[in-house]
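K.L.:
Below you'll find the structure I mean.
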Amino acid sequence: MFPAPGSSLTRWVSVSVRGLRGLGLFSSSESSSNWSKVVSDAEKIVGYPTSFMSLRCLLSDELSNVAMHVRKLVGTQHPLLNTARGFVYDSKNNLQMRGLIVLLLSKAAGPSHAASELLTKDMVSGIYPSQRNLAEITELIHTAFLVHRGIVNLKEWTVSDGPLKDMEFGNKMAVLSGDFLLANACTGLAELNDTKIVELISSAISDLVQGIYYENYYNVEDGLGDGMDVTPWEDQAFLSHGALLAKSCQAAMQLAKHDREAQRLAYLYGKHLSLGHKLNSDLQPFVKSRLGEMTSFSLSAAPVVFHRQIVGKEKWHQQLEEAKTLRNQLDYSKLLAAVKSEKGVSSAVDLCRYHSNRALEAIQAFPSSEARSALENIASAVNKF
């Protein structure tokens with residue numbers, strides 16, 4: 001008999017997953033240093049650091065007022081505080097990656113034959129102003145969803161999470177600030193005056209909502225219910241982590257009047273890079289941790305999904321039971337050893353390399369340039385552990 005969805009083990013898994021949402025890519029110093037150099041070199045090509053991407057919005061009076069209220073959360077355990085801290089102390093350059101990719105692809109593709117000469121004169125560093133605006137919009141949408149994902153489920157609140165009033169106030173601030181960023185993104189989207197772009201990015205927002213819904217559902221049930229196989233995992237990961245970048249890359253080509261083939265290739269690059277990025281992030285606890293070392297990870301992480309599919313539902317539930325402590329919590333070191341004992345980790349690594357290679361293939365059709373080389377370096381960096 002295994003724990004029901006309302007049991008203490010299910011609740012513990014849900015809470016621990018909530019705390020893992022801020023897990024960054026490339027947690028090791030060597031990989032982080034390599035990634036930081038790749039991003040730094042790429043930023044020089046597009047004209048300015050992407051940390052300034054959303055500066056106009058972030059320095060607005062409205063958001064300044066929100067920030068003043070967010071300061072009241074200092075000293076609490078609300079996830080919104082960690083999200084805000086990440087924007088200020090993001091040493092791994094993860095937060096602004098999407099906007100940077102949009103700018104690099106825009107520069108790599110250059111002006112199209114269909115673009116008017118007048119439009120070409122407006123380019124700065126080989127990028128149209130509308131494409132720079134699109135990069136900012138992409139970052140605003142991503143940031144808005146990051147903030148919204150920090151909302152705490154008060155039904156699962158316990159005294160150990162901190163005072164209830166702090167959690168309630170933090171939730172209000174998360175909703176308010178996330179909605180503000182999303183509203184600014186939608187306003188900027190309308191100002192592009194392109195119905196196809198509006199439709200494309202709107203569908204990406206819809207995909208994000210759907211993907212996060214599925215993600216939250218599987219995070220609560222994961223490991224304790226039927227779970228999901230690798231193909232549904234990829235579909236869900238694309239919705240929640242890949243759709244925004246893929247469709248933003250396609251939209252950047254549309255803004256420059258590139259043909260459907262260029263749009264398709266840009267979409268594929270964004271899609272496969274995002275999935276590779278997600279897989280790398282999921283793999284970090286498994287490829288860097290030592291045997292017996294205390295670590296935690298999501299039970300919906302790719303290596304776990306592969307492992308569960310390899311060993312079967314019955315054995316997986318048995319391993320979960322064996323990993324439970326006397327307090328009905330999971331001993332992640334035991335579970336980590338169980339996952340590492342099979343081919344779940346190596347299968348996830350192979351899939352990460354597959355998506356990295358597919359992203360590299362997609363970018364080869366674009367003219368050789370510094371921007372294309374930077375995109376190749378980023379795709380290759382996703383493949384490093």
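By convention here, the chains of the structure tokens are called A, B, ... in the order presented, each chain's residues are numbered starting at 1, and ligands are numbered starting at 1 in the order presented.
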Show me, as JSON lines, the residues of stretch 243-346 of chain A having an atom within 8 Å of stretch 198-209 of chain A, each with the closest atom pair and its distance in Å, using only C-alpha atoms.
P.N.:
```
{"residue": "A:Ala243", "atom": "CA", "partner": "A:Ala204", "partner_atom": "CA", "distance": 5.5}
{"residue": "A:Leu244", "atom": "CA", "partner": "A:Ala204", "partner_atom": "CA", "distance": 5.0}
{"residue": "A:Lys247", "atom": "CA", "partner": "A:Leu200", "partner_atom": "CA", "distance": 6.4}
{"residue": "A:Ser248", "atom": "CA", "partner": "A:Ile201", "partner_atom": "CA", "distance": 6.7}
{"residue": "A:Ala251", "atom": "CA", "partner": "A:Leu200", "partner_atom": "CA", "distance": 7.1}
```
K.L.:
Can you write out the residues you just picked, keeping C-alpha atoms, as a PDB file, in the first residue's frame?
P.N.:
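What landed in out_29.pdb:
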```pdb
ATOM      1  CA  ALA A 243       7.765  27.109 -26.054  1.00  0.00           C
ATOM      2  CA  LEU A 244       8.536  30.730 -25.137  1.00  0.00           C
ATOM      3  CA  LYS A 247       8.349  30.892 -30.591  1.00  0.00           C
ATOM      4  CA  SER A 248      10.297  34.052 -29.738  1.00  0.00           C
ATOM      5  CA  ALA A 251       8.975  35.700 -34.138  1.00  0.00           C
TER       6      ALA A 251
END
```
K.L.:
Compile the contact shell of stretch 298-309 of chain A as a PDB file with C-alpha atoms, in the first residue's frame: residues with an atom at most 6 Å away, counting only C-alpha atoms, same-chain residues fewer than 5 positions apart removed.
P.N.:
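What ended up in part-v8.pdb:
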```pdb
ATOM      1  CA  VAL A  17       9.875  20.499  -5.201  1.00  0.00           C
ATOM      2  CA  ASP A 282      17.823  18.177 -14.096  1.00  0.00           C
ATOM      3  CA  TRP A 316      10.165   2.159  -8.191  1.00  0.00           C
ATOM      4  CA  VAL A 339      18.701   6.087  -9.641  1.00  0.00           C
ATOM      5  CA  GLY A 344      18.430   6.587 -15.989  1.00  0.00           C
ATOM      6  CA  VAL A 345      21.259   9.124 -15.684  1.00  0.00           C
ATOM      7  CA  ALA A 348      19.149  11.558 -19.722  1.00  0.00           C
TER       8      ALA A 348
END
```
K.L.:
Please, which residues of stretch 100-283 of chain A, numbered as in this document, come out helix (DSSP H, G or I) from DSSP, as a PyMOL selection string?
P.N.:
chain A and resi 100-109+117-121+129-148+154-156+159-161+164-191+195-221+230-255+260-283
K.L.:
Near A:Gln364, counting only C-alpha atoms, which residues have an atom at most 12 Å away, once you skip same-chain residues fewer than 3 positions from it, shown as a PyMOL selection string?
P.N.:
chain A and resi 105+108-109+262+265-266+268-269+357-361+367-369+371-373+375-376+379
K.L.:
Output N, CA, C and O atoms for every residue in that selection, as a compact mmCIF listing (two decimals), in the first residue's frame.
P.N.:
```txt
# COMPACT_ATOMS: atom_id res chain seq x y z
N LEU A 105 20.19 35.33 -32.60
CA LEU A 105 19.57 34.78 -33.82
C LEU A 105 19.21 35.89 -34.80
O LEU A 105 19.37 35.74 -36.01
N ALA A 108 22.45 36.89 -36.36
CA ALA A 108 22.97 35.83 -37.22
C ALA A 108 22.21 35.76 -38.54
O ALA A 108 22.81 35.54 -39.60
N ALA A 109 20.90 35.96 -38.51
CA ALA A 109 20.08 35.89 -39.73
C ALA A 109 20.25 37.13 -40.59
O ALA A 109 20.20 37.06 -41.82
N ALA A 262 13.54 29.86 -42.66
CA ALA A 262 14.36 30.50 -41.63
C ALA A 262 13.61 30.52 -40.29
O ALA A 262 14.20 30.29 -39.23
N LEU A 265 13.73 26.97 -38.78
CA LEU A 265 15.04 26.63 -38.22
C LEU A 265 15.29 27.37 -36.90
O LEU A 265 15.86 26.81 -35.95
N ALA A 266 14.86 28.63 -36.85
CA ALA A 266 15.01 29.41 -35.61
C ALA A 266 14.17 28.78 -34.50
O ALA A 266 14.61 28.68 -33.34
N LEU A 268 13.31 25.61 -34.28
CA LEU A 268 13.95 24.36 -33.88
C LEU A 268 15.15 24.61 -32.98
O LEU A 268 15.38 23.87 -32.01
N TYR A 269 15.92 25.65 -33.28
CA TYR A 269 17.07 25.97 -32.43
C TYR A 269 16.60 26.29 -31.02
O TYR A 269 17.12 25.75 -30.03
N ASN A 357 22.86 18.62 -30.10
CA ASN A 357 23.27 18.40 -31.50
C ASN A 357 22.20 18.88 -32.49
O ASN A 357 22.52 19.41 -33.56
N ARG A 358 20.94 18.67 -32.14
CA ARG A 358 19.85 19.14 -33.01
C ARG A 358 19.83 20.66 -33.10
O ARG A 358 19.55 21.24 -34.16
N ALA A 359 20.13 21.33 -31.99
CA ALA A 359 20.21 22.80 -32.00
C ALA A 359 21.36 23.26 -32.88
O ALA A 359 21.23 24.22 -33.66
N LEU A 360 22.49 22.56 -32.79
CA LEU A 360 23.65 22.88 -33.63
C LEU A 360 23.33 22.68 -35.11
O LEU A 360 23.74 23.49 -35.96
N GLU A 361 22.61 21.63 -35.43
CA GLU A 361 22.23 21.37 -36.82
C GLU A 361 21.34 22.48 -37.37
O GLU A 361 21.51 22.93 -38.51
N PRO A 367 24.18 32.15 -42.15
CA PRO A 367 25.53 32.53 -42.61
C PRO A 367 26.55 32.47 -41.48
O PRO A 367 26.23 32.76 -40.33
N SER A 368 27.77 32.09 -41.82
CA SER A 368 28.84 32.05 -40.83
C SER A 368 29.13 33.46 -40.32
O SER A 368 29.29 34.39 -41.10
N SER A 369 29.15 33.61 -39.00
CA SER A 369 29.36 34.93 -38.39
C SER A 369 29.70 34.76 -36.92
O SER A 369 29.65 33.65 -36.38
N ALA A 371 27.94 35.94 -34.51
CA ALA A 371 26.69 35.62 -33.82
C ALA A 371 26.37 34.13 -33.92
O ALA A 371 25.94 33.52 -32.94
N ARG A 372 26.57 33.55 -35.11
CA ARG A 372 26.30 32.12 -35.26
C ARG A 372 27.26 31.31 -34.40
O ARG A 372 26.87 30.31 -33.78
N SER A 373 28.52 31.72 -34.36
CA SER A 373 29.51 31.03 -33.52
C SER A 373 29.11 31.07 -32.05
O SER A 373 29.27 30.09 -31.31
N LEU A 375 26.04 31.30 -30.91
CA LEU A 375 24.91 30.38 -30.75
C LEU A 375 25.39 28.93 -30.70
O LEU A 375 24.84 28.11 -29.95
N GLU A 376 26.39 28.62 -31.49
CA GLU A 376 26.97 27.27 -31.47
C GLU A 376 27.63 26.99 -30.12
O GLU A 376 27.50 25.89 -29.57
N ALA A 379 24.94 26.31 -27.51
CA ALA A 379 24.38 24.96 -27.69
C ALA A 379 25.37 23.90 -27.19
O ALA A 379 24.96 22.89 -26.59
```
K.L.:
Would you pick out the contacts of A:Ile127 at 8 Å or less, using only C-alpha atoms, so that residues sharing its chain but fewer than 5 positions from it are not included, and give the list as a PyMOL selection string?
P.N.:
chain A and resi 46+103+106-107+110+132
K.L.:
I'd like the contact shell of A:Tyr332 - 8 Å cut-off, only C-alpha atoms, skipping same-chain residues fewer than 4 positions apart - returned as a list in words.
P.N.:
Met294, Thr295, Ser296, Phe297, Ala323 and Leu336 of chain A
K.L.:
Could you check how far atom CA of A:Ala144 sits from atom CA of A:Asp179, in Å to one decimal?
P.N.:
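Pair atom CA of A:Ala144 / atom CA of A:Asp179 returns 6.8 Å.
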K.L.:
Skip A:Leu279 itself and residues of its chain fewer than 2 positions away, then list as a ChimeraX atom specification all residues within 12 Å of it, counting only C-alpha atoms.
P.N.:
/A:24-26,230,233-234,237-238,241-242,272-277,281-287,300-306,345-356,382-385
K.L.:
Would you save the residues of that selection, restricted to C-alpha atoms, as a PDB file, in the first residue's frame?
P.N.:
```pdb
ATOM      1  CA  GLY A  24      20.311  26.989 -11.473  1.00  0.00           C
ATOM      2  CA  LEU A  25      22.005  25.509 -14.454  1.00  0.00           C
ATOM      3  CA  PHE A  26      25.655  24.496 -14.060  1.00  0.00           C
ATOM      4  CA  VAL A 230       9.814  10.086 -21.235  1.00  0.00           C
ATOM      5  CA  TRP A 233       7.915  14.415 -19.975  1.00  0.00           C
ATOM      6  CA  GLU A 234       9.453  15.989 -23.101  1.00  0.00           C
ATOM      7  CA  ALA A 237       9.092  20.240 -20.541  1.00  0.00           C
ATOM      8  CA  PHE A 238       8.695  21.904 -23.940  1.00  0.00           C
ATOM      9  CA  HIS A 241      10.509  25.564 -20.601  1.00  0.00           C
ATOM     10  CA  GLY A 242      10.828  25.617 -24.388  1.00  0.00           C
ATOM     11  CA  HIS A 272      16.148  21.972 -28.774  1.00  0.00           C
ATOM     12  CA  LEU A 273      18.320  24.431 -26.847  1.00  0.00           C
ATOM     13  CA  SER A 274      15.590  24.839 -24.220  1.00  0.00           C
ATOM     14  CA  LEU A 275      15.124  21.091 -23.807  1.00  0.00           C
ATOM     15  CA  GLY A 276      18.901  20.587 -23.580  1.00  0.00           C
ATOM     16  CA  HIS A 277      19.055  23.373 -20.975  1.00  0.00           C
ATOM     17  CA  SER A 281      19.604  21.410 -15.068  1.00  0.00           C
ATOM     18  CA  ASP A 282      17.823  18.177 -14.096  1.00  0.00           C
ATOM     19  CA  LEU A 283      21.068  16.212 -14.340  1.00  0.00           C
ATOM     20  CA  GLN A 284      23.167  18.426 -12.054  1.00  0.00           C
ATOM     21  CA  PRO A 285      22.365  16.657  -8.743  1.00  0.00           C
ATOM     22  CA  PHE A 286      23.084  13.276 -10.360  1.00  0.00           C
ATOM     23  CA  VAL A 287      26.348  14.019 -12.170  1.00  0.00           C
ATOM     24  CA  SER A 300       9.948  14.605 -11.952  1.00  0.00           C
ATOM     25  CA  ALA A 301      13.561  15.254 -13.039  1.00  0.00           C
ATOM     26  CA  ALA A 302      14.546  13.563 -16.314  1.00  0.00           C
ATOM     27  CA  PRO A 303      16.934  10.953 -14.790  1.00  0.00           C
ATOM     28  CA  VAL A 304      14.189   9.861 -12.370  1.00  0.00           C
ATOM     29  CA  VAL A 305      11.630   9.615 -15.194  1.00  0.00           C
ATOM     30  CA  PHE A 306      14.036   7.447 -17.218  1.00  0.00           C
ATOM     31  CA  VAL A 345      21.259   9.124 -15.684  1.00  0.00           C
ATOM     32  CA  SER A 346      23.115   7.979 -18.813  1.00  0.00           C
ATOM     33  CA  SER A 347      19.842   7.966 -20.787  1.00  0.00           C
ATOM     34  CA  ALA A 348      19.149  11.558 -19.722  1.00  0.00           C
ATOM     35  CA  VAL A 349      22.709  12.565 -20.683  1.00  0.00           C
ATOM     36  CA  ASP A 350      22.234  10.984 -24.115  1.00  0.00           C
ATOM     37  CA  LEU A 351      18.962  12.878 -24.593  1.00  0.00           C
ATOM     38  CA  CYS A 352      20.650  16.139 -23.545  1.00  0.00           C
ATOM     39  CA  ARG A 353      23.388  15.572 -26.129  1.00  0.00           C
ATOM     40  CA  TYR A 354      20.762  14.747 -28.758  1.00  0.00           C
ATOM     41  CA  HIS A 355      18.989  18.086 -28.224  1.00  0.00           C
ATOM     42  CA  SER A 356      22.299  19.954 -28.153  1.00  0.00           C
ATOM     43  CA  VAL A 382      24.449  22.968 -22.646  1.00  0.00           C
ATOM     44  CA  ASN A 383      26.155  19.636 -23.354  1.00  0.00           C
ATOM     45  CA  LYS A 384      28.844  20.148 -20.694  1.00  0.00           C
ATOM     46  CA  PHE A 385      28.485  18.654 -17.206  1.00  0.00           C
TER      47      PHE A 385
END
```
